[in-house]
$ cat final.txt   # compact mmCIF, C-alpha atoms
# COMPACT_ATOMS: atom_id res chain seq x y z
CA MET S 1 69.69 111.39 74.50
CA SER S 2 71.16 108.01 73.59
CA PHE S 3 71.16 105.28 76.19
CA VAL S 4 74.46 104.48 77.94
CA ALA S 5 74.26 101.33 80.06
CA ALA S 6 75.96 101.37 83.47
CA PHE S 7 75.48 99.84 86.87
CA LEU S 8 77.03 99.82 90.33
CA THR S 9 77.32 96.76 92.51
CA THR S 10 78.02 96.91 96.23
CA GLN S 11 77.55 95.02 99.47
CA THR S 12 75.88 96.23 102.63
CA GLN S 13 77.74 96.18 105.94
CA GLY S 14 76.52 93.27 108.04
CA VAL S 15 75.03 91.35 105.10
CA PRO S 16 78.03 89.75 103.37
CA ALA S 17 75.97 87.06 101.65
CA SER S 18 73.93 89.58 99.66
CA VAL S 19 74.78 91.84 96.74
CA ASN S 20 73.22 95.15 95.72
CA PHE S 21 72.82 96.49 92.21
CA LYS S 22 71.99 100.01 91.14
CA ASP S 23 71.25 101.04 87.59
CA VAL S 24 73.11 104.28 86.84
CA SER S 25 72.52 104.31 83.09
CA THR S 26 72.03 107.61 81.37
CA GLY S 27 69.66 108.45 78.55
CA SER S 28 66.58 106.45 77.63
CA ASP S 29 65.33 103.80 75.25
CA THR S 30 61.64 102.99 75.22
CA ASN S 31 62.34 99.51 73.83
CA ILE S 32 63.83 98.39 77.14
CA VAL S 33 61.35 96.39 79.21
CA SER S 34 63.54 94.31 81.55
CA ARG S 35 67.02 93.58 82.79
CA ALA S 36 68.97 90.41 83.60
CA ILE S 37 71.92 89.99 85.97
CA TYR S 38 74.48 87.24 85.40
CA ILE S 39 77.04 86.59 88.17
CA GLN S 40 79.62 84.10 86.96
CA THR S 41 82.21 82.74 89.38
CA SER S 42 85.77 81.75 88.52
CA SER S 43 84.65 78.12 88.23
CA GLY S 44 82.13 79.07 85.55
CA SER S 45 78.99 78.58 87.62
CA PHE S 46 76.32 81.25 87.90
CA LEU S 47 75.04 82.61 91.20
CA VAL S 48 71.29 83.13 91.52
CA THR S 49 68.88 83.66 94.36
CA SER S 50 67.03 80.77 95.94
CA GLY S 51 64.33 79.29 93.71
CA VAL S 52 65.69 80.69 90.45
CA SER S 53 66.31 77.97 87.88
CA THR S 54 67.89 80.11 85.16
CA GLN S 55 71.50 81.26 85.06
CA PHE S 56 70.43 84.85 85.56
CA ASN S 57 68.48 86.93 88.04
CA VAL S 58 65.63 88.99 86.62
CA TRP S 59 65.84 92.70 87.45
CA ALA S 60 62.48 94.35 86.82
CA LEU S 61 62.61 97.78 85.28
CA ASN S 62 60.60 99.40 88.06
CA VAL S 63 62.99 98.16 90.76
CA ASN S 64 66.13 100.18 91.41
CA PRO S 65 68.25 99.42 93.35
CA ILE S 66 67.86 95.69 93.88
CA THR S 67 69.38 93.36 96.46
CA LEU S 68 70.06 89.73 95.65
CA SER S 69 69.93 88.00 99.00
CA ASN S 70 71.96 85.02 100.17
CA ILE S 71 73.83 84.35 96.96
CA LEU S 72 77.37 84.37 98.39
CA THR S 73 78.77 81.84 100.83
CA SER S 74 82.24 83.35 101.02
CA ASP S 75 84.23 86.13 99.37
CA THR S 76 83.83 85.76 95.65
CA ALA S 77 85.49 86.94 92.47
CA ALA S 78 82.91 87.22 89.72
CA ILE S 79 82.24 88.45 86.24
CA VAL S 80 79.02 90.41 86.52
CA THR S 81 76.98 91.08 83.39
CA VAL S 82 73.85 93.18 83.29
CA GLN S 83 71.74 93.07 80.15
CA TRP S 84 68.98 95.47 79.13
CA LEU S 85 66.34 93.55 77.17
CA ASP S 86 63.47 94.33 74.82
CA ILE S 87 60.02 92.74 74.93
CA ASN S 88 61.22 89.70 72.97
CA GLY S 89 64.14 89.10 75.28
CA ASN S 90 66.68 90.45 72.81
CA VAL S 91 69.73 92.03 74.38
CA LEU S 92 69.78 95.74 73.58
CA TYR S 93 72.61 96.86 75.88
CA VAL S 94 75.21 95.11 78.01
CA SER S 95 77.50 96.25 80.78
CA VAL S 96 80.15 93.97 82.27
CA GLN S 97 82.29 94.36 85.38
CA VAL S 98 84.77 92.06 87.06
CA VAL S 99 84.14 92.35 90.77
CA GLY S 100 85.58 91.09 94.04
CA TYR S 101 82.94 90.76 96.74
CA THR S 102 85.06 90.83 99.89
CA LEU S 103 82.80 92.08 102.65
CA LYS S 104 83.04 88.85 104.65
CA GLY S 105 86.84 89.04 104.73
CA GLU S 106 86.89 92.77 105.38
CA THR S 107 84.44 92.32 108.24
CA PHE S 108 86.51 89.57 109.80
CA ASP S 109 89.70 91.58 109.36
CA TYR S 110 88.10 94.48 111.21
CA TYR S 111 86.79 92.09 113.84
CA THR S 112 90.33 90.92 114.57
CA THR S 113 91.38 94.57 114.86
CA GLN S 114 88.60 95.08 117.40
CA LYS S 115 89.87 92.05 119.30
CA MET S 116 93.37 93.55 119.34
CA ALA S 117 92.07 96.90 120.53
CA GLY S 118 90.30 95.14 123.37
CA ASN S 119 93.29 93.02 124.23
CA PRO S 120 96.56 94.50 122.90
CA ALA S 121 98.56 91.55 124.23
CA LEU S 122 97.00 89.40 121.50
CA ILE S 123 99.77 90.54 119.17
CA ASN S 124 102.19 88.43 121.18
CA ASP S 125 100.16 85.26 120.80
CA ASN S 126 101.66 82.55 118.64
CA SER S 127 101.22 83.50 114.97
CA TRP S 128 98.20 85.63 115.80
CA PHE S 129 99.37 88.78 114.10
CA GLU S 130 101.01 86.79 111.32
CA ASN S 131 97.65 85.23 110.52
CA LYS S 132 95.87 88.56 110.78
CA SER S 133 98.24 90.10 108.28
CA LEU S 134 97.65 87.15 105.96
CA ILE S 135 93.94 87.97 105.88
CA ARG S 136 94.78 91.50 104.76
CA LEU S 137 97.31 90.21 102.22
CA PHE S 138 94.93 87.68 100.67
CA ILE S 139 92.09 90.20 100.31
CA ASP S 140 94.38 92.80 98.80
CA SER S 141 96.04 90.33 96.44
CA GLY S 142 92.68 89.10 95.18
CA ASN S 143 91.62 92.69 94.58
CA GLN S 144 94.81 93.43 92.63
CA ALA S 145 94.25 90.36 90.44
CA ILE S 146 90.85 91.73 89.55
CA SER S 147 91.71 95.37 89.06
CA PHE S 148 94.84 94.80 86.99
CA ALA S 149 94.08 91.61 85.09
CA SER S 150 90.36 90.83 85.55
CA ASP S 151 91.81 87.51 86.72
CA THR S 152 88.97 85.88 88.65
CA PHE S 153 90.80 82.55 88.95
CA ASN S 154 93.81 83.90 90.85
CA ALA S 155 91.62 86.33 92.75
CA GLN S 156 89.42 83.47 93.94
CA LEU S 157 92.52 81.52 94.91
CA CYS S 158 93.49 84.38 97.21
CA TYR S 159 89.96 84.81 98.57
CA ASN S 160 89.73 81.07 99.25
CA ALA S 161 92.96 81.22 101.26
CA GLU S 162 91.47 84.07 103.28
CA ASN S 163 88.24 82.13 103.78
CA GLU S 164 90.24 79.14 105.02
CA LEU S 165 91.66 81.31 107.79
CA ILE S 166 88.18 82.53 108.70
CA LEU S 167 86.63 79.06 108.69
CA ASN S 168 89.39 77.83 110.98
CA LYS S 169 89.48 80.90 113.17
CA ARG S 170 89.64 78.81 116.29
CA GLN S 171 92.94 77.36 115.19
CA TYR S 172 94.42 80.50 113.67
CA PHE S 173 93.02 83.15 116.01
CA ASN S 174 91.86 81.21 119.03
CA ILE S 175 88.36 82.56 118.38
CA ASN S 176 85.34 80.39 119.06
CA SER S 177 82.46 81.00 116.69
CA MET T 178 116.78 98.95 81.09
CA ALA T 179 113.65 100.97 80.99
CA VAL T 180 113.18 103.50 83.76
CA TYR T 181 109.77 103.34 85.35
CA SER T 182 107.91 106.09 87.13
CA ILE T 183 107.04 105.63 90.77
CA GLN T 184 103.38 105.07 89.90
CA GLN T 185 104.36 102.41 87.38
CA ILE T 186 106.56 100.65 89.95
CA ILE T 187 103.66 100.71 92.41
CA ASN T 188 101.44 99.09 89.78
CA ILE T 189 104.11 96.51 88.95
CA ALA T 190 104.37 95.71 92.68
CA LYS T 191 100.60 95.29 93.00
CA ILE T 192 100.58 92.73 90.22
CA SER T 193 103.78 91.00 91.41
CA GLN T 194 102.19 90.72 94.84
CA TYR T 195 99.18 88.74 93.73
CA ILE T 196 101.28 86.57 91.44
CA ALA T 197 103.64 85.80 94.35
CA VAL T 198 100.73 84.90 96.63
CA SER T 199 99.07 82.81 93.94
CA GLU T 200 102.30 80.95 93.10
CA VAL T 201 102.87 79.99 96.74
CA LEU T 202 99.25 78.82 97.09
CA LYS T 203 99.41 76.78 93.90
CA ASN T 204 102.79 75.22 94.58
CA GLY T 205 101.68 73.35 97.68
CA LEU T 206 104.22 72.15 100.23
CA TRP T 207 106.64 74.92 101.18
CA GLY T 208 105.34 76.97 98.29
CA GLY T 209 107.49 74.99 95.90
CA GLY T 210 110.57 76.80 97.13
CA GLU T 211 109.17 80.26 96.49
CA ASP T 212 109.72 82.94 99.12
CA LEU T 213 106.68 82.31 101.32
CA LYS T 214 106.68 85.88 102.57
CA LEU T 215 107.34 87.69 99.30
CA GLY T 216 103.67 88.61 98.82
CA ARG T 217 103.52 90.12 102.27
CA LYS T 218 106.80 91.98 101.83
CA LEU T 219 105.54 93.45 98.58
CA TYR T 220 102.24 94.45 100.18
CA VAL T 221 103.73 96.13 103.24
CA ILE T 222 106.47 98.00 101.41
CA ARG T 223 104.34 98.97 98.43
CA LYS T 224 101.57 100.24 100.69
CA SER T 225 103.89 102.56 102.59
CA ILE T 226 105.44 103.89 99.37
CA GLU T 227 102.02 104.34 97.78
CA ASP T 228 100.66 106.28 100.73
CA ASP T 229 103.71 108.55 100.78
CA TYR T 230 103.48 109.03 97.02
CA ILE T 231 99.83 110.06 97.26
CA SER T 232 100.46 112.53 100.06
CA ASN T 233 103.83 113.86 98.89
CA PRO T 234 104.69 112.86 95.31
CA SER T 235 107.78 115.08 95.24
CA ASP T 236 109.40 113.34 98.22
CA PRO T 237 113.00 112.76 97.00
CA THR T 238 113.35 109.53 99.01
CA LEU T 239 110.69 107.90 96.84
CA TYR T 240 113.31 107.30 94.16
CA THR T 241 115.32 105.04 96.47
CA THR T 242 112.39 103.30 98.13
CA SER T 243 110.62 102.58 94.85
CA ALA T 244 113.86 101.20 93.39
CA TYR T 245 114.02 98.84 96.37
CA LEU T 246 110.39 97.86 95.79
CA TYR T 247 111.09 97.20 92.12
CA ALA T 248 114.02 94.98 93.06
CA LEU T 249 111.78 92.96 95.36
CA CYS T 250 109.43 92.34 92.43
CA ALA T 251 112.25 90.70 90.48
CA PRO T 252 110.88 87.14 90.17
CA TYR T 253 107.63 88.41 88.72
CA SER T 254 108.28 91.93 87.46
CA GLN T 255 108.48 91.00 83.78
CA LYS T 256 105.26 89.04 84.01
CA ALA T 257 103.69 91.99 85.81
CA ILE T 258 104.77 94.36 83.04
CA GLU T 259 103.24 92.03 80.44
CA ILE T 260 99.97 92.00 82.38
CA LEU T 261 100.02 95.78 82.70
CA ASN T 262 100.37 96.09 78.93
CA ALA T 263 97.94 93.31 78.02
CA GLY T 264 95.32 94.46 80.50
CA GLY T 265 94.95 97.84 78.92
CA GLY T 266 97.29 99.24 81.50
CA GLY T 267 98.74 101.57 78.97
CA SER T 268 102.22 101.88 77.68
CA ILE T 269 105.13 101.21 80.01
CA SER T 270 107.24 103.67 78.07
CA PRO T 271 109.66 105.39 80.41
CA ILE T 272 108.29 108.55 81.93
CA THR T 273 109.39 110.50 84.95
CA PRO T 274 107.32 112.43 87.43
CA SER T 275 108.60 115.67 85.88
CA GLN T 276 106.59 114.78 82.77
CA ARG T 277 103.35 114.80 84.68
CA PRO T 278 100.39 115.66 82.44
CA LEU T 279 98.88 119.10 82.81
CA PRO T 280 95.75 119.39 84.99
CA LEU T 281 92.35 119.97 83.44
CA TYR T 282 90.28 123.00 84.44
CA PHE T 283 86.87 123.68 82.96
CA ASN T 284 83.41 125.01 83.58
CA VAL T 285 80.90 122.43 82.43
CA SER T 286 79.24 123.04 79.08
CA ASP T 287 78.14 120.89 76.16
CA THR T 288 81.69 120.87 74.77
CA THR T 289 83.76 120.17 77.91
CA PRO T 290 85.37 116.75 78.67
CA ILE T 291 82.43 115.99 80.96
CA PRO T 292 79.52 117.68 79.18
CA THR T 293 76.37 119.05 80.77
CA GLY T 294 74.35 116.10 82.07
CA GLY T 295 77.27 113.69 81.68
CA ASN T 296 78.95 111.62 84.36
CA THR T 297 81.92 109.90 82.74
CA VAL T 298 84.98 110.64 80.65
CA THR T 299 88.07 108.77 79.48
CA LEU T 300 91.25 110.74 80.17
CA THR T 301 93.97 108.81 78.37
CA GLN T 302 96.55 111.47 79.20
CA PHE T 303 96.17 110.58 82.90
CA LYS T 304 96.52 106.82 82.41
CA GLY T 305 98.67 105.32 85.18
CA TRP T 306 98.26 108.33 87.48
CA ASN T 307 96.18 108.92 90.54
CA ILE T 308 94.01 112.01 90.31
CA VAL T 309 92.73 114.69 92.61
CA PHE T 310 89.22 115.69 91.56
CA SER T 311 87.57 118.86 92.75
CA ARG T 312 84.12 120.10 91.99
CA GLY T 313 82.94 123.62 92.69
CA GLY T 314 86.25 124.18 94.48
CA ILE T 315 85.70 121.27 96.85
CA THR T 316 88.04 118.28 96.69
CA GLN T 317 86.00 115.12 96.21
CA THR T 318 86.69 111.84 98.02
CA GLN T 319 86.91 108.40 96.54
CA VAL T 320 86.35 106.38 99.71
CA VAL T 321 84.97 103.00 98.70
CA ASP T 322 82.59 102.59 101.62
CA HIS T 323 79.54 103.07 99.44
CA ASN T 324 78.50 106.14 101.42
CA ASN T 325 81.20 108.76 100.88
CA GLN T 326 82.14 107.99 97.31
CA TYR T 327 81.88 110.96 94.97
CA PHE T 328 83.87 109.70 92.03
CA LEU T 329 85.49 106.58 90.71
CA TRP T 330 88.85 106.71 88.94
CA ASN T 331 90.46 103.72 87.26
CA PRO T 332 94.13 104.55 86.50
CA ILE T 333 94.39 101.50 84.25
CA THR T 334 91.50 102.24 81.91
CA ALA T 335 91.68 106.00 82.59
CA VAL T 336 87.91 106.13 83.00
CA LEU T 337 86.54 108.70 85.44
CA PHE T 338 82.99 108.27 86.72
CA ILE T 339 81.40 110.98 88.84
CA TYR T 340 78.40 110.57 91.09
CA GLY T 341 75.85 113.22 90.31
CA ASN T 342 75.66 114.39 86.70
CA ALA T 343 77.59 117.50 85.71
CA THR T 344 75.58 120.70 85.69
CA GLU T 345 75.98 123.64 83.32
CA GLY T 346 78.65 126.10 84.49
CA GLU T 347 79.96 123.92 87.29
CA GLY T 348 83.72 124.33 87.88
CA MET T 349 85.78 121.14 87.72
CA THR T 350 89.48 120.47 88.24
CA ILE T 351 91.19 117.15 87.55
CA THR T 352 94.82 117.06 88.63
CA PRO T 353 97.17 114.10 88.11
CA ALA T 354 98.97 113.14 91.31
$ encode --input "final.txt" --output "structure tokens"
Amino acid sequence: MSFVAAFLTTQTQGVPASVNFKDVSTGSDTNIVSRAIYIQTSSGSFLVTSGVSTQFNVWALNVNPITLSNILTSDTAAIVTVQWLDINGNVLYVSVQVVGYTLKGETFDYYTTQKMAGNPALINDNSWFENKSLIRLFIDSGNQAISFASDTFNAQLCYNAENELILNKRQYFNINS
Amino acid sequence: MAVYSIQQIINIAKISQYIAVSEVLKNGLWGGGEDLKLGRKLYVIRKSIEDDYISNPSDPTLYTTSAYLYALCAPYSQKAIEILNAGGGGSISPITPSQRPLPLYFNVSDTTPIPTGGNTVTLTQFKGWNIVFSRGGITQTQVVDHNNQYFLWNPITAVLFIYGNATEGEGMTITPA
């Protein structure tokens, strides 16, 4: 059965700085000995785990799934490329996805909902609900930019606006960190 | 003027939304005169129409509400249509809900759209539509929480990915919605 390269990438609740990868390829090719993961941001830089000096993260063949820890500092739009390599490092198969990693924003959005549930009068606070709805809007808009246009630049613009609200939550939501 | 289906208008609104948000963010002070709340208006109204369309696609009021949504997209609708076409979003040729593609019913074999052992298929006839996917008579969910996700449908590329390879004789139904 011929080899069809495919992977899934997700985040785990509570660990927004990390990213998981799962190889869901079908078929087999005995020439494959390793994999490489490239995560390119909208600014062109590559995200790697601490201590890695290359632009890619090595994904050993006997490890599946894999978690790349502490590679995100905020919600990130990225072009993710996984390569399946032979013993000489030649690329045999490639799979590319454009992804929005938004767990940090989603978590904060839900956190504000929890705050509202605990104190329904919050909705009357100055701009509180307006700012909460902006979080939702920015996350959703970034996701649309990715799903319809693979547009990491505009997606990151939206995610950055959302991150700005989170970083300044004391001002926008009267929440002390 | 072309007449767009409700699903197409929803997609146009999704793209117009992120363009509106991005334009305001890029234009600096006062959003350069753009409607500062257009992105949020598009999100809130599109979301309610989309949810109603998913649950009751034959709702006669959708014609009026989606026309209103399309009107709101005006500053960016042409750009959104270009992105839909350029991004592999399929043709924006006028179709109406009455021209909905026929559902697919099959018992998995080596010659079915998803063959025995397979997990993906491209269904170009369903491009631009949501789908309801059932397997063994049980409707599958597409909840993106990484725990309850049983299939992945991209209405833009028309690629369906199912979790768990198809087994010989298994009954599958894919219905455009």
$ residues_near_point --input "final.txt" --point "(97.6, 90.1, 97.5)" --cutoff "8 Å" --atoms "only C-alpha atoms" --output "list in words"
Arg136, Leu137, Phe138, Ile139, Asp140, Ser141, Gly142, Asn143, Gln144, Ala145 and Cys158 of chain S; Lys191, Gln194, Tyr195, Ile196, Val198, Gly216, Arg217 and Tyr220 of chain T
$ residues_around --input "final.txt" --residues "Pro290 in chain T" --least-positions-apart "6" --cutoff "12 Å" --atoms "all atoms listed in the file" --output "list in words"
Leu281, Tyr282, Phe283, Asn284, Asn296, Thr297, Val298, Thr299, Leu300, Thr301, Val336, Leu337, Phe338, Ala343, Met349, Thr350 and Ile351 of chain T
$ write_last_selection --input "final.txt" --atoms "C-alpha atoms" --output "compact mmCIF listing (two decimals), keeping the file's coordinate frame"
# COMPACT_ATOMS: atom_id res chain seq x y z
CA LEU T 281 92.35 119.97 83.44
CA TYR T 282 90.28 123.00 84.44
CA PHE T 283 86.87 123.68 82.96
CA ASN T 284 83.41 125.01 83.58
CA ASN T 296 78.95 111.62 84.36
CA THR T 297 81.92 109.90 82.74
CA VAL T 298 84.98 110.64 80.65
CA THR T 299 88.07 108.77 79.48
CA LEU T 300 91.25 110.74 80.17
CA THR T 301 93.97 108.81 78.37
CA VAL T 336 87.91 106.13 83.00
CA LEU T 337 86.54 108.70 85.44
CA PHE T 338 82.99 108.27 86.72
CA ALA T 343 77.59 117.50 85.71
CA MET T 349 85.78 121.14 87.72
CA THR T 350 89.48 120.47 88.24
CA ILE T 351 91.19 117.15 87.55
$ residues_around --input "final.txt" --residues "range 304-310 of chain T" --least-positions-apart "5" --cutoff "7 Å" --atoms "all atoms listed in the file" --output "list in words"
Gln184, Gln185, Gly267, Thr316, Gln317, Pro332, Ile333, Thr334, Ala335, Thr350, Ile351, Thr352, Pro353 and Ala354 of chain T
$ closest_residue --input "final.txt" --among "T:Ser182, T:Asn204, T:Ser199, T:Asn262" --to "chain S" --atoms "all atoms listed in the file"
T:Ser199
$ atom_distance --input "final.txt" --atom1 "CA of Gly27 in chain S" --atom2 "CA of Met1 in chain S"
5.0 Å
$ atom_distance --input "final.txt" --atom1 "CA of Trp84 in chain S" --atom2 "CA of Ser28 in chain S"
11.3 Å
$ residues_around --input "final.txt" --residues "range 101-103 of chain S" --least-positions-apart "5" --cutoff "12 Å" --atoms "only C-alpha atoms" --output "JSON, numbers by chain"
{"S": [9, 10, 11, 12, 13, 14, 15, 16, 17, 18, 19, 20, 39, 41, 71, 72, 73, 74, 75, 76, 77, 78, 79, 80, 108, 109, 110, 111, 135, 136, 138, 139, 140, 141, 142, 143, 146, 152, 155, 156, 158, 159, 160, 162, 163], "T": [321, 322, 323]}
$ closest_residue --input "final.txt" --among "T:Asp236, T:Glu259, T:Glu211, T:Glu227" --to "chain S" --atoms "all atoms listed in the file"
T:Glu259
$ closest_residue --input "final.txt" --among "T:Gly210, T:Gly341, T:Pro278, T:Gly314" --to "chain S" --atoms "all atoms listed in the file"
T:Gly341
$ atom_distance --input "final.txt" --atom1 "CA of Asp212 in chain T" --atom2 "CA of Ile258 in chain T"
20.3 Å
$ closest_residue --input "final.txt" --among "T:Leu215, T:Ile183, T:Leu206, T:Leu329" --to "Tyr240 in chain T" --atoms "all atoms listed in the file"
T:Ile183
$ decode --input "final.txt" --residues "range 149-170 of chain S" --atoms "N, CA and C atoms" --output "tab-separated table (two decimals), in the first residue's frame"
chain	number	residue	atom	x	y	z
S	149	ALA	N	-8.15	31.69	3.46
S	149	ALA	CA	-7.12	32.27	2.61
S	149	ALA	C	-5.71	31.82	2.99
S	150	SER	N	-5.57	30.95	3.99
S	150	SER	CA	-4.24	30.56	4.49
S	150	SER	C	-3.40	31.81	4.73
S	151	ASP	N	-4.06	32.86	5.22
S	151	ASP	CA	-3.45	34.18	5.35
S	151	ASP	C	-2.91	34.34	6.78
S	152	THR	N	-1.66	33.91	6.98
S	152	THR	CA	-1.12	33.95	8.34
S	152	THR	C	-0.84	35.38	8.79
S	153	PHE	N	-0.57	36.27	7.86
S	153	PHE	CA	-0.28	37.66	8.25
S	153	PHE	C	-1.50	38.30	8.91
S	154	ASN	N	-2.64	38.28	8.20
S	154	ASN	CA	-3.83	38.90	8.76
S	154	ASN	C	-4.36	38.12	9.97
S	155	ALA	N	-4.17	36.82	9.94
S	155	ALA	CA	-4.59	36.03	11.10
S	155	ALA	C	-3.78	36.44	12.34
S	156	GLN	N	-2.47	36.60	12.15
S	156	GLN	CA	-1.63	36.98	13.29
S	156	GLN	C	-1.98	38.38	13.78
S	157	LEU	N	-2.35	39.25	12.84
S	157	LEU	CA	-2.78	40.60	13.21
S	157	LEU	C	-3.97	40.52	14.19
S	158	CYS	N	-4.90	39.65	13.85
S	158	CYS	CA	-6.09	39.48	14.71
S	158	CYS	C	-5.70	38.85	16.05
S	159	TYR	N	-4.86	37.81	15.99
S	159	TYR	CA	-4.44	37.15	17.24
S	159	TYR	C	-3.65	38.12	18.12
S	160	ASN	N	-2.84	38.97	17.51
S	160	ASN	CA	-2.07	39.94	18.31
S	160	ASN	C	-3.00	40.92	19.02
S	161	ALA	N	-4.07	41.33	18.33
S	161	ALA	CA	-5.03	42.24	18.95
S	161	ALA	C	-5.69	41.57	20.15
S	162	GLU	N	-5.98	40.28	20.00
S	162	GLU	CA	-6.57	39.52	21.10
S	162	GLU	C	-5.58	39.40	22.26
S	163	ASN	N	-4.31	39.14	21.91
S	163	ASN	CA	-3.29	39.00	22.94
S	163	ASN	C	-3.08	40.31	23.70
S	164	GLU	N	-3.23	41.42	22.99
S	164	GLU	CA	-3.11	42.73	23.63
S	164	GLU	C	-4.15	42.89	24.73
S	165	LEU	N	-5.35	42.43	24.45
S	165	LEU	CA	-6.42	42.51	25.46
S	165	LEU	C	-6.09	41.62	26.67
S	166	ILE	N	-5.51	40.45	26.38
S	166	ILE	CA	-5.18	39.53	27.48
S	166	ILE	C	-4.02	40.09	28.32
S	167	LEU	N	-3.01	40.61	27.64
S	167	LEU	CA	-1.86	41.15	28.37
S	167	LEU	C	-2.26	42.32	29.26
S	168	ASN	N	-3.24	43.07	28.80
S	168	ASN	CA	-3.69	44.24	29.58
S	168	ASN	C	-5.05	43.97	30.21
S	169	LYS	N	-5.20	42.77	30.74
S	169	LYS	CA	-6.50	42.39	31.27
S	169	LYS	C	-6.92	43.24	32.47
S	170	ARG	N	-5.94	43.77	33.16
S	170	ARG	CA	-6.30	44.61	34.30
S	170	ARG	C	-7.04	45.85	33.81
